[in-house]
Amino acid sequence: MRSFLIFLVCFEVLAITIFSVAQLSPNDAYPSAYGDDCGQTGENLSPLRREVYDSGRIFDITHRFTPETPSGDSEDGIGQFLTLSMSMKNGSDYNFSILKLAVHAGTHVDAPGHMYDHYFDAGFDVDSLDLRVLNGPALLVDVPRDKNITAEVMKSLNIPRGVRRVLFRTLNTDRRLMWRKEFDSSFVGFMKDGAKWLVENTDIKLVGIDYLSVAAFADLIPSHLVFLESREIILVEGLKLDGVQPGVYTVHCLPLRLVGADGSPIRCILID
Ligand SMILES: [Zn+2]
């Protein structure tokens with residue numbers, strides 16, 4: 001039955017391929033790199049892993065999960081997060097993995113219940129986050145490298161009213177902190193007064209940053225509390241902002257629908 005289904009899927013892909021090739025030559029609409037996994041024979045059987053698609057039209061700003069992905073509670077990264085509970089090498093008909101993962105590791109989103117226990121009890125989990133905030137036009141900005149994001153820094157960025165999503169690129173990207181497994185508390189982020197300034201003087205509802213916390217370590221809890229109090233601001237942390245020009249993009253961020261979870265891994269992309 002399974003092989004029949006695979007045959008059907010392959011047949012469908014093949015049919016679509018033939019149909020598409022008949023209509024389109026290999027170009028942006030149908031790049032040859034899309035390939036067709038069904039016909040692979042074993043030569044060059046290795047997947048293509050990409051950071052950028054279509055010469056810079058789509059940027060994947062999500063970090064890959066590996067055992068070395070950093071997490072705020074670990075010196076050794078997340079460790080083994082996948083367990084193959086059924087394995088074809090051990091005679092199973094298929095491979096079947098179990099995922100066990102801290103919800104604030106790698107590129108992830110915070111829910112209001114992360115820092116407010118009464119919100120947690122009331123159900124303000126990642127499933128309650130507004131997809132309209134997580135998707136739409138976004139500004140990628142570079143912030144001064146020699147300080148945390150204070151009120152003064154926020155003011156100097158001159159982010160116009162009406163801008164609802166901002167990804168803040170900091171020294172954390174230059175230091176490649178997300179690429180190291182050890183949690184490093186010397187990261188930069190928002191001080192409480194910077195968070196307060198953002199809440200009171202901008203229309204920003206999505207705050208993205210390039211390490212595991214939007215808040216600087218010195219103001220870890222106070223800054224989170226300022227951002228999450230209204231339950232209108234969504235914090236996306238651990239973004240991979242390397243090699244992307246500052247400017248306006250469309251961001252798409254999609255968390256998992258984990259009912260009861262105070263955070264979730266999130267897939268984020270930027271489209272130019
Ligand atoms: Zn978090």
# chains A, B, ... in the order shown; residues from 1 in each chain; ligands from 1
call {"tool": "select_by_dssp", "arguments": {"residues": "stretch 104-244 of chain A", "states": "helix (DSSP H, G or I)", "output": "ChimeraX atom specification"}}
result
/A:112-114,117-122,126-128,131-134,151-157,171-174,177-179,192-201,217-228
call {"tool": "residues_near_ligand", "arguments": {"ligand": "ligand 1", "cutoff": "12 Å", "atoms": "only C-alpha atoms and all ligand atoms", "output": "ChimeraX atom specification"}}
result
/A:70-73,102-115,126,207-215,220-221,224,228,234-239,261-266
call {"tool": "closest_residue", "arguments": {"among": "A:Gly123, A:Gly243, A:Gly189, A:Pro137", "to": "A:Arg164", "atoms": "only C-alpha atoms"}}
result
A:Pro137
call {"tool": "select_by_dssp", "arguments": {"residues": "stretch 149-188 of chain A", "states": "strand (DSSP E)", "output": "PyMOL selection string"}}
result
chain A and resi 165-169
call {"tool": "write_last_selection", "arguments": {"atoms": "C-alpha atoms", "output": "PDB file, in the first residue's frame"}}
result
ATOM      1  CA  ARG A 165       7.427  44.829  12.449  1.00  0.00           C
ATOM      2  CA  VAL A 166      11.106  45.431  13.071  1.00  0.00           C
ATOM      3  CA  LEU A 167      13.995  42.998  13.113  1.00  0.00           C
ATOM      4  CA  PHE A 168      16.882  44.448  15.108  1.00  0.00           C
ATOM      5  CA  ARG A 169      20.325  43.331  13.995  1.00  0.00           C
TER       6      ARG A 169
END
call {"tool": "closest_residue", "arguments": {"among": "A:Thr173, A:Val251, A:Phe124, A:Leu82", "to": "A:Asn95", "atoms": "only C-alpha atoms"}}
result
A:Leu82
